[in-house]
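Engineer: Pasting in a structure now, in structure tokens, and then I'll have a few things to ask.
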Amino acid sequence: MSDLRNYFVGKDFLWGAATAAFQVEGAHDADGKGPGIWDRFLADRTDNGRVACDHYHRSPRDVALMRQLNLQAYRFSVSWPRVMPTGRGTVNPPGLDFYDRLTDQLLAAGIQPLVTLYHWDLPAALQDDLDGWAGDTLPELFADYADVIFDRLGDRVSRWITINEPWVIVMAGYFTGTHAPGIQDRPLGYRAGHNLMRAHAYAVQRYRAHRHGHGQISFALNSSYSFPASDSPADHQAAQRALLDFAGWFGDPACFGQYPDVLRERYGDLLPTFSDADRDLLRGSLDYLALNYYTSDRVAHAPGQGPLDFDRMVPDEPPRTEMDWPIMPEGFERLLLWLWDRYRLPLYITENGAALRDRVEPDGSVNDAGRIAYLRDHIAAMARAMQQGVDVRGYFAWSLIDNLEWNEGYARRFGLVRCDHQTQQRTIKASGRWYAELIRTGLLPESEGTCHA
Ligand code: GCO
């Protein structure tokens with residue numbers, strides 16, 4: 001049993017859980033919502049976002065569940081096409097009202113909202129008419145949309161995320177094409193990534209100029225930690241290049257106003273250049289750093305393997321989650337130290353969790369010991385990083401509830417709460433009860449389980 005309060009002394013540490021609009025809300029065309037690129041991407045699939053967890057209609061009950069979990073904070077995202085059906089111009093009042101009510105419901109329950117402005121559900125009209133994120137006009141439109149949200153929620157929300165995981169948007173949306181908008185075009189991907197960072201910068205500028213803009217704002221960085229494949233100096237250097245290629249690709253522009261030198265040198269013209277004005281806006285654009293962490297890798301020096309001469313390997317030994325991601329809490333500790341060393345920003349862990357094959361017992365309960373072990377080991381790793389000086393201010397489990405895992409559908413369950421997607425029945429899992437107890441006591445209990453899928 002560790003007493004986490006020892007590490008968190010003097011901190012206003014927040015324990016929370018996270019979701020994203022498209023993954024939980026459903027109500028895909030309710031009350032004037034416009035189509036998003038994900039509505040379209042999954043239109044022909046059985047697992048789509050039309051109903052999801054029906055959170056749009058059930059938010060009061062879901063907030064009651066959050067109370068049962070003792071959550072101190074809840075991270076949700078706003079659906080841009082719900083608020084602005086074509087992405088620009090006209091605002092859809094009922095859509096905006098939903099987030100207003102949700103914010104009030106949370107505050108009434110003593111739960112702090114942390115709001116993500118963009119968690120991947122781009123209004124389809126912006127993709128069709130303006131080339132989506134590859135189009136250079138999107139950043140300004142995003143800032144206009146952000147302003148609408150700051151106007152409406154800014155008096156009650158003080159923690160913000162602009163863009164969730166630009167890395168995934170580019171990799172999956174533009175390199176492999178497995179996510180919306182389903183494009184496979186590397187140069188376009190680098191341009192989209194560039195515009196995502198410009199959009200972040202413009203939204204931050206609007207926030208700081210806003211009458212409500214006295215809270216904290218970040219984008220959400222995702223990264224694995226790269227362990228060197230061997231003790232050789234070449235592998236160590238390759239692992240550093242891999243970290244700069246992952247965390248540094250977006251972390252550096254948001255902090256320093258430019259891409260890491262090694263990316264600039266090796267990628268050349270593939271990486272667009274920030275104008276002086278954009279660079280000035282980007283530099284110092286983070287009040288804190290939001291980090292989403294799930295897994296890590298090993299990296300070997302591999303001359304000729306891509307512009308950065310490294311080979312990223314998924315280690316075989318650790319057990320894996322249902323996403324096939326190796327469970328590597330030690331990578332979490334190392335990544336936190338790396339980010340602290342490079343950026344010196346307070347951190348919020350805005351996602352961390354595991355998709356596991358949950359078994360429902362005859363009495364309806366879910367004894368997800370594997371998820372408890374995953375959470376425990378990662379929270380312990382975070383506490384070790386904090387002991388070494390990293391300033392972590394909060395931790396949000398992914399996810400509050402089993403939801404739509406994008407192109408992987410509903411089979412990948414990350415929730416602290418089970419959702420039966422046929423009946424919409426919610427059941428708090430053993431991990432949810434465990435987490436509630438951790439929040440209540442500040443103690444990190446040992447768990448009997450091991451981290452297996
Ligand atoms: C992401 C997204 C989440 C996912 C979660 C599990 O990190 O990919 O932010 O929406 O559901 O990470 O993959």
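Naming scheme: A, B, ... for chains in displayed order of the structure tokens; residues 1 onward per chain; ligands 1 onward as shown.
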Quick one: residues within 8 Å of region 376-382 of chain A, only C-alpha atoms, excluding same-chain residues fewer than 3 positions away - as a ChimeraX atom specification?
Structural biologist: /A:329-330,332-333,336,372-373,385-386,392,444-447
Engineer: Could you dump the residues just selected with all heavy atoms as a tab-separated table (two decimals), in the first residue's frame?
Structural biologist:
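Output contents, as saved in part38.tsv:
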```tsv
chain	number	residue	atom	x	y	z
A	329	PRO	N	4.35	0.21	-17.98
A	329	PRO	CA	4.27	1.36	-17.07
A	329	PRO	C	5.61	2.04	-16.87
A	329	PRO	O	5.67	3.25	-16.65
A	329	PRO	CB	3.74	0.76	-15.76
A	329	PRO	CG	3.83	-0.72	-15.90
A	329	PRO	CD	3.87	-1.03	-17.35
A	330	GLU	N	6.72	1.27	-16.98
A	330	GLU	CA	8.04	1.90	-16.79
A	330	GLU	C	8.27	2.95	-17.88
A	330	GLU	O	8.97	3.94	-17.66
A	330	GLU	CB	9.15	0.83	-16.77
A	330	GLU	CG	9.34	0.00	-18.03
A	330	GLU	CD	8.31	-1.13	-18.23
A	330	GLU	OE1	7.27	-1.16	-17.54
A	330	GLU	OE2	8.55	-1.98	-19.10
A	332	PHE	N	6.00	4.91	-19.00
A	332	PHE	CA	5.24	6.09	-18.55
A	332	PHE	C	6.13	6.96	-17.66
A	332	PHE	O	6.25	8.17	-17.85
A	332	PHE	CB	4.01	5.59	-17.79
A	332	PHE	CG	2.99	6.63	-17.43
A	332	PHE	CD1	2.84	7.81	-18.15
A	332	PHE	CD2	2.13	6.41	-16.35
A	332	PHE	CE1	1.88	8.76	-17.81
A	332	PHE	CE2	1.17	7.34	-16.00
A	332	PHE	CZ	1.05	8.51	-16.73
A	333	GLU	N	6.77	6.31	-16.68
A	333	GLU	CA	7.68	7.04	-15.79
A	333	GLU	C	8.77	7.74	-16.60
A	333	GLU	O	9.05	8.94	-16.42
A	333	GLU	CB	8.31	6.06	-14.80
A	333	GLU	CG	9.31	6.71	-13.86
A	333	GLU	CD	9.99	5.67	-12.95
A	333	GLU	OE1	9.58	4.50	-12.95
A	333	GLU	OE2	10.95	6.05	-12.26
A	336	LEU	N	7.47	10.70	-18.68
A	336	LEU	CA	7.21	11.88	-17.85
A	336	LEU	C	8.51	12.61	-17.54
A	336	LEU	O	8.59	13.85	-17.61
A	336	LEU	CB	6.49	11.47	-16.56
A	336	LEU	CG	5.01	11.13	-16.74
A	336	LEU	CD1	4.46	10.46	-15.49
A	336	LEU	CD2	4.20	12.37	-17.08
A	372	ILE	N	-7.51	-3.12	-13.22
A	372	ILE	CA	-7.06	-2.57	-11.93
A	372	ILE	C	-5.53	-2.60	-11.88
A	372	ILE	O	-4.88	-1.62	-11.50
A	372	ILE	CB	-7.66	-3.37	-10.74
A	372	ILE	CG1	-9.18	-3.18	-10.72
A	372	ILE	CG2	-7.02	-2.94	-9.42
A	372	ILE	CD1	-9.90	-4.01	-9.68
A	373	ALA	N	-4.96	-3.72	-12.31
A	373	ALA	CA	-3.50	-3.84	-12.28
A	373	ALA	C	-2.86	-2.82	-13.22
A	373	ALA	O	-1.84	-2.19	-12.88
A	373	ALA	CB	-3.09	-5.26	-12.68
A	385	ALA	N	7.62	9.19	-10.89
A	385	ALA	CA	8.09	10.37	-11.65
A	385	ALA	C	7.91	11.62	-10.81
A	385	ALA	O	8.78	12.50	-10.78
A	385	ALA	CB	7.35	10.48	-12.97
A	386	MET	N	6.80	11.70	-10.09
A	386	MET	CA	6.55	12.88	-9.25
A	386	MET	C	7.58	12.97	-8.13
A	386	MET	O	8.07	14.05	-7.81
A	386	MET	CB	5.13	12.83	-8.68
A	386	MET	CG	4.07	13.00	-9.76
A	386	MET	SD	2.40	12.78	-9.12
A	386	MET	CE	2.13	14.36	-8.31
A	392	VAL	N	3.18	16.77	-11.79
A	392	VAL	CA	1.93	16.27	-12.36
A	392	VAL	C	0.77	16.78	-11.51
A	392	VAL	O	0.81	16.68	-10.29
A	392	VAL	CB	1.89	14.72	-12.43
A	392	VAL	CG1	0.64	14.26	-13.17
A	392	VAL	CG2	3.14	14.18	-13.13
A	444	LEU	N	-2.87	3.97	-2.60
A	444	LEU	CA	-2.79	3.10	-3.77
A	444	LEU	C	-2.67	1.66	-3.29
A	444	LEU	O	-1.59	1.22	-2.89
A	444	LEU	CB	-1.56	3.48	-4.61
A	444	LEU	CG	-1.39	2.74	-5.93
A	444	LEU	CD1	-2.53	3.03	-6.89
A	444	LEU	CD2	-0.07	3.12	-6.58
A	445	PRO	N	-3.76	0.93	-3.32
A	445	PRO	CA	-3.69	-0.44	-2.79
A	445	PRO	C	-2.98	-1.37	-3.76
A	445	PRO	O	-2.97	-1.13	-4.96
A	445	PRO	CB	-5.17	-0.84	-2.66
A	445	PRO	CG	-5.94	0.15	-3.44
A	445	PRO	CD	-5.08	1.28	-3.83
A	446	GLU	N	-2.35	-2.40	-3.21
A	446	GLU	CA	-1.82	-3.46	-4.08
A	446	GLU	C	-3.03	-4.14	-4.69
A	446	GLU	O	-4.10	-4.16	-4.12
A	446	GLU	CB	-1.05	-4.50	-3.26
A	446	GLU	CG	0.01	-3.92	-2.35
A	446	GLU	CD	1.08	-3.17	-3.14
A	446	GLU	OE1	1.34	-3.54	-4.29
A	446	GLU	OE2	1.64	-2.20	-2.59
A	447	SER	N	-2.82	-4.72	-5.90
A	447	SER	CA	-3.97	-5.47	-6.41
A	447	SER	C	-3.59	-6.92	-6.56
A	447	SER	O	-2.41	-7.25	-6.72
A	447	SER	CB	-4.44	-4.89	-7.73
A	447	SER	OG	-3.99	-5.66	-8.79
```
Engineer: Using only C-alpha atoms and all ligand atoms, tabulate the residues of chain A lying at most 9 Å from any atom of ligand 1, each with its closest atom pair and that distance in Å to one decimal, by chain and increasing residue number, as a tab-separated table.
Structural biologist:
```
residue	atom	partner	partner_atom_place_in_ligand_line	distance
A:Ala18	CA	ligand 1	3 (C)	8.9
A:Thr19	CA	ligand 1	10 (O)	7.0
A:Ala20	CA	ligand 1	10 (O)	6.1
A:Phe22	CA	ligand 1	10 (O)	8.7
A:Gln23	CA	ligand 1	10 (O)	7.1
A:His119	CA	ligand 1	9 (O)	7.0
A:Trp120	CA	ligand 1	10 (O)	8.4
A:Asn164	CA	ligand 1	9 (O)	6.3
A:Glu165	CA	ligand 1	9 (O)	6.4
A:Val168	CA	ligand 1	8 (O)	6.6
A:Ile169	CA	ligand 1	8 (O)	8.9
A:Ala220	CA	ligand 1	9 (O)	8.4
A:Asn222	CA	ligand 1	7 (O)	6.9
A:Asn292	CA	ligand 1	7 (O)	6.4
A:Tyr293	CA	ligand 1	7 (O)	7.9
A:Tyr294	CA	ligand 1	12 (O)	7.5
A:Met323	CA	ligand 1	13 (O)	7.7
A:Thr350	CA	ligand 1	9 (O)	8.9
A:Glu351	CA	ligand 1	12 (O)	6.7
A:Asn352	CA	ligand 1	12 (O)	7.6
A:Gly353	CA	ligand 1	6 (C)	7.7
A:Ala354	CA	ligand 1	6 (C)	7.8
A:Ala355	CA	ligand 1	6 (C)	7.7
A:Trp398	CA	ligand 1	5 (C)	6.7
A:Ser399	CA	ligand 1	11 (O)	7.8
A:Asn403	CA	ligand 1	11 (O)	7.8
A:Leu404	CA	ligand 1	11 (O)	7.4
A:Glu405	CA	ligand 1	11 (O)	5.0
A:Trp406	CA	ligand 1	11 (O)	6.8
A:Arg412	CA	ligand 1	6 (C)	8.6
A:Phe414	CA	ligand 1	6 (C)	7.3
```
Engineer: Mind writing the picked residues with N, CA, C and O atoms as a CSV table (one decimal), in the first residue's frame?
Structural biologist:
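Ended up saving to again18.csv:
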```csv
chain,number,residue,atom,x,y,z
A,18,ALA,N,-12.1,10.4,-18.6
A,18,ALA,CA,-12.2,11.1,-19.8
A,18,ALA,C,-13.1,10.4,-20.8
A,18,ALA,O,-13.2,9.2,-20.8
A,19,THR,N,-13.7,11.2,-21.7
A,19,THR,CA,-14.4,10.6,-22.9
A,19,THR,C,-14.2,11.6,-24.0
A,19,THR,O,-13.6,12.7,-23.9
A,20,ALA,N,-14.7,11.3,-25.2
A,20,ALA,CA,-14.8,12.2,-26.3
A,20,ALA,C,-16.2,12.2,-26.9
A,20,ALA,O,-16.8,11.1,-27.0
A,22,PHE,N,-17.6,12.1,-29.9
A,22,PHE,CA,-18.1,11.2,-30.9
A,22,PHE,C,-18.2,9.8,-30.4
A,22,PHE,O,-19.0,8.9,-30.8
A,23,GLN,N,-17.3,9.5,-29.4
A,23,GLN,CA,-17.3,8.1,-28.9
A,23,GLN,C,-18.4,7.8,-27.9
A,23,GLN,O,-18.7,6.6,-27.7
A,119,HIS,N,-11.8,16.8,-30.7
A,119,HIS,CA,-11.4,15.4,-30.5
A,119,HIS,C,-11.9,14.6,-31.8
A,119,HIS,O,-12.7,13.7,-31.8
A,120,TRP,N,-11.4,15.1,-33.0
A,120,TRP,CA,-11.4,14.4,-34.2
A,120,TRP,C,-12.7,14.5,-35.1
A,120,TRP,O,-12.7,14.0,-36.2
A,164,ASN,N,-6.9,17.3,-29.7
A,164,ASN,CA,-6.5,16.0,-29.2
A,164,ASN,C,-5.6,15.3,-30.2
A,164,ASN,O,-6.0,15.0,-31.3
A,165,GLU,N,-4.4,15.0,-29.7
A,165,GLU,CA,-3.5,14.0,-30.4
A,165,GLU,C,-3.4,14.3,-31.9
A,165,GLU,O,-3.8,13.5,-32.8
A,168,VAL,N,-2.0,11.3,-33.9
A,168,VAL,CA,-2.9,10.3,-34.4
A,168,VAL,C,-3.7,10.8,-35.6
A,168,VAL,O,-3.9,10.0,-36.5
A,169,ILE,N,-4.1,12.0,-35.5
A,169,ILE,CA,-4.9,12.6,-36.6
A,169,ILE,C,-4.1,12.4,-37.9
A,169,ILE,O,-4.6,12.0,-39.0
A,220,ALA,N,-3.5,18.2,-26.5
A,220,ALA,CA,-3.2,16.9,-25.9
A,220,ALA,C,-2.2,16.1,-26.7
A,220,ALA,O,-2.4,15.8,-27.9
A,222,ASN,N,0.1,12.9,-27.5
A,222,ASN,CA,0.2,11.4,-27.2
A,222,ASN,C,1.6,11.0,-27.6
A,222,ASN,O,2.2,11.5,-28.6
A,292,ASN,N,-1.5,12.0,-23.1
A,292,ASN,CA,-2.2,10.8,-23.2
A,292,ASN,C,-1.1,9.6,-23.4
A,292,ASN,O,-0.4,9.7,-24.3
A,293,TYR,N,-1.1,8.7,-22.4
A,293,TYR,CA,-0.1,7.6,-22.5
A,293,TYR,C,-0.8,6.3,-22.4
A,293,TYR,O,-1.6,6.0,-21.5
A,294,TYR,N,-0.3,5.4,-23.3
A,294,TYR,CA,-0.8,4.0,-23.3
A,294,TYR,C,0.3,2.9,-23.3
A,294,TYR,O,0.2,1.9,-22.6
A,323,MET,N,-5.8,-3.9,-27.6
A,323,MET,CA,-5.4,-3.1,-28.7
A,323,MET,C,-4.1,-3.7,-29.2
A,323,MET,O,-3.5,-3.1,-30.2
A,350,THR,N,-4.1,13.2,-19.3
A,350,THR,CA,-5.5,13.3,-19.7
A,350,THR,C,-6.1,12.1,-20.3
A,350,THR,O,-7.3,12.0,-20.6
A,351,GLU,N,-5.3,11.0,-20.5
A,351,GLU,CA,-5.7,9.7,-20.9
A,351,GLU,C,-4.7,8.7,-20.4
A,351,GLU,O,-3.5,8.8,-20.6
A,352,ASN,N,-5.2,7.6,-19.9
A,352,ASN,CA,-4.4,6.4,-19.6
A,352,ASN,C,-5.4,5.3,-19.2
A,352,ASN,O,-6.3,5.5,-18.4
A,353,GLY,N,-5.2,4.1,-19.8
A,353,GLY,CA,-6.1,3.0,-19.5
A,353,GLY,C,-5.9,1.9,-20.5
A,353,GLY,O,-5.0,1.9,-21.3
A,354,ALA,N,-6.7,0.9,-20.3
A,354,ALA,CA,-6.5,-0.4,-21.1
A,354,ALA,C,-7.8,-1.0,-21.6
A,354,ALA,O,-8.8,-1.0,-20.9
A,355,ALA,N,-7.8,-1.4,-22.9
A,355,ALA,CA,-8.9,-2.2,-23.4
A,355,ALA,C,-8.6,-3.6,-23.1
A,355,ALA,O,-7.6,-4.2,-23.5
A,398,TRP,N,-8.7,6.8,-19.0
A,398,TRP,CA,-9.5,6.5,-20.2
A,398,TRP,C,-10.0,5.1,-20.1
A,398,TRP,O,-9.2,4.2,-20.0
A,399,SER,N,-11.3,5.0,-19.9
A,399,SER,CA,-12.3,6.0,-20.1
A,399,SER,C,-13.4,5.8,-19.0
A,399,SER,O,-13.4,4.8,-18.3
A,403,ASN,N,-16.9,2.6,-24.8
A,403,ASN,CA,-17.4,3.5,-25.9
A,403,ASN,C,-16.9,3.1,-27.3
A,403,ASN,O,-16.3,2.0,-27.4
A,404,LEU,N,-17.2,3.9,-28.2
A,404,LEU,CA,-16.8,3.6,-29.6
A,404,LEU,C,-15.4,3.8,-29.9
A,404,LEU,O,-14.9,5.0,-30.0
A,405,GLU,N,-14.6,2.8,-30.0
A,405,GLU,CA,-13.2,2.9,-30.2
A,405,GLU,C,-12.9,3.2,-31.7
A,405,GLU,O,-12.3,2.3,-32.4
A,406,TRP,N,-13.4,4.2,-32.3
A,406,TRP,CA,-13.2,4.7,-33.6
A,406,TRP,C,-13.4,3.6,-34.6
A,406,TRP,O,-14.4,2.9,-34.6
A,412,ARG,N,-13.7,-3.0,-28.3
A,412,ARG,CA,-12.5,-2.6,-27.4
A,412,ARG,C,-13.1,-1.8,-26.2
A,412,ARG,O,-13.5,-0.6,-26.4
A,414,PHE,N,-12.7,0.1,-22.8
A,414,PHE,CA,-11.7,0.8,-21.9
A,414,PHE,C,-12.3,1.3,-20.6
A,414,PHE,O,-11.7,1.9,-19.8
```
Engineer: Could you check the closest approach to Ala209 (chain A) for each of A:Pro228, A:Thr441, A:Phe150, A:Pro113 and tell me which residue wins, using only C-alpha atoms?
Structural biologist: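 Closest to Ala209 (chain A), using only C-alpha atoms: A:Phe150.
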Engineer: My list of candidates is A:Pro346, A:Gly370, A:Gly154, A:Gly87. Which is closest to Arg211 (chain A) when distances are computed with only C-alpha atoms?
Structural biologist: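 The closest residue to Arg211 (chain A) is A:Gly154.
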Engineer: Please indicate the distance in Å from CA of Val115 (chain A) to CA of Phe219 (chain A), rounded to one decimal place.
Structural biologist: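 That distance, rounded to one decimal, is 10.8 Å.
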Engineer: If DSSP is run on the backbone, what residues of region 206-402 of chain A are helix (DSSP H, G or I)? A reply as a PyMOL selection string would be ideal.
Structural biologist: chain A and resi 206-209+233-256+261-270+276-282+329-343+369-387
Engineer: Output as a Markdown table one row per residue of region 28-115 of chain A within 9 Å of region 431-436 of chain A: the closest atom pair and its distance in Å to one decimal place, counting only C-alpha atoms, sorted by chain and residue number ascending.
Structural biologist:
```
| residue | atom | partner | partner_atom | distance |
| --- | --- | --- | --- | --- |
| A:Gln68 | CA | A:Ala436 | CA | 7.4 |
| A:Leu69 | CA | A:Ala436 | CA | 4.5 |
| A:Asn70 | CA | A:Ala436 | CA | 5.2 |
| A:Leu71 | CA | A:Ala436 | CA | 7.2 |
```
Engineer: Write a file of the selected residues as a PDB file, in the first residue's frame, keeping all heavy atoms.
Structural biologist:
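To be explicit, this is the file written out as selection.pdb:
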```
ATOM      1  N   GLN A  68     -20.660   8.599  -8.173  1.00  0.00           N
ATOM      2  CA  GLN A  68     -20.435   7.307  -7.499  1.00  0.00           C
ATOM      3  C   GLN A  68     -18.966   6.898  -7.566  1.00  0.00           C
ATOM      4  O   GLN A  68     -18.480   6.185  -6.709  1.00  0.00           O
ATOM      5  CB  GLN A  68     -21.291   6.222  -8.144  1.00  0.00           C
ATOM      6  CG  GLN A  68     -22.734   6.232  -7.682  1.00  0.00           C
ATOM      7  CD  GLN A  68     -23.496   5.108  -8.362  1.00  0.00           C
ATOM      8  OE1 GLN A  68     -24.138   5.313  -9.395  1.00  0.00           O
ATOM      9  NE2 GLN A  68     -23.415   3.909  -7.798  1.00  0.00           N
ATOM     10  N   LEU A  69     -18.295   7.342  -8.629  1.00  0.00           N
ATOM     11  CA  LEU A  69     -16.873   7.017  -8.776  1.00  0.00           C
ATOM     12  C   LEU A  69     -15.985   8.009  -8.031  1.00  0.00           C
ATOM     13  O   LEU A  69     -14.760   7.931  -8.119  1.00  0.00           O
ATOM     14  CB  LEU A  69     -16.483   7.022 -10.261  1.00  0.00           C
ATOM     15  CG  LEU A  69     -17.130   5.965 -11.155  1.00  0.00           C
ATOM     16  CD1 LEU A  69     -16.693   6.152 -12.599  1.00  0.00           C
ATOM     17  CD2 LEU A  69     -16.774   4.559 -10.687  1.00  0.00           C
ATOM     18  N   ASN A  70     -16.593   8.958  -7.355  1.00  0.00           N
ATOM     19  CA  ASN A  70     -15.854   9.998  -6.606  1.00  0.00           C
ATOM     20  C   ASN A  70     -15.000  10.893  -7.499  1.00  0.00           C
ATOM     21  O   ASN A  70     -14.012  11.474  -7.035  1.00  0.00           O
ATOM     22  CB  ASN A  70     -14.941   9.384  -5.526  1.00  0.00           C
ATOM     23  CG  ASN A  70     -15.723   8.694  -4.433  1.00  0.00           C
ATOM     24  OD1 ASN A  70     -16.868   9.069  -4.170  1.00  0.00           O
ATOM     25  ND2 ASN A  70     -15.132   7.697  -3.814  1.00  0.00           N
ATOM     26  N   LEU A  71     -15.334  10.975  -8.791  1.00  0.00           N
ATOM     27  CA  LEU A  71     -14.491  11.773  -9.686  1.00  0.00           C
ATOM     28  C   LEU A  71     -14.459  13.229  -9.243  1.00  0.00           C
ATOM     29  O   LEU A  71     -15.478  13.797  -8.863  1.00  0.00           O
ATOM     30  CB  LEU A  71     -15.008  11.718 -11.134  1.00  0.00           C
ATOM     31  CG  LEU A  71     -15.022  10.364 -11.826  1.00  0.00           C
ATOM     32  CD1 LEU A  71     -15.325  10.551 -13.317  1.00  0.00           C
ATOM     33  CD2 LEU A  71     -13.715   9.615 -11.647  1.00  0.00           C
TER      34      LEU A  71
END
```
Engineer: Taking into account only C-alpha atoms, which residue in the set A:Asp12, A:Asp341, A:Asp131, A:Asp278 is nearest to Gly394 (chain A)?
Structural biologist: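 Ranked by minimum distance to Gly394 (chain A), first place goes to A:Asp12.
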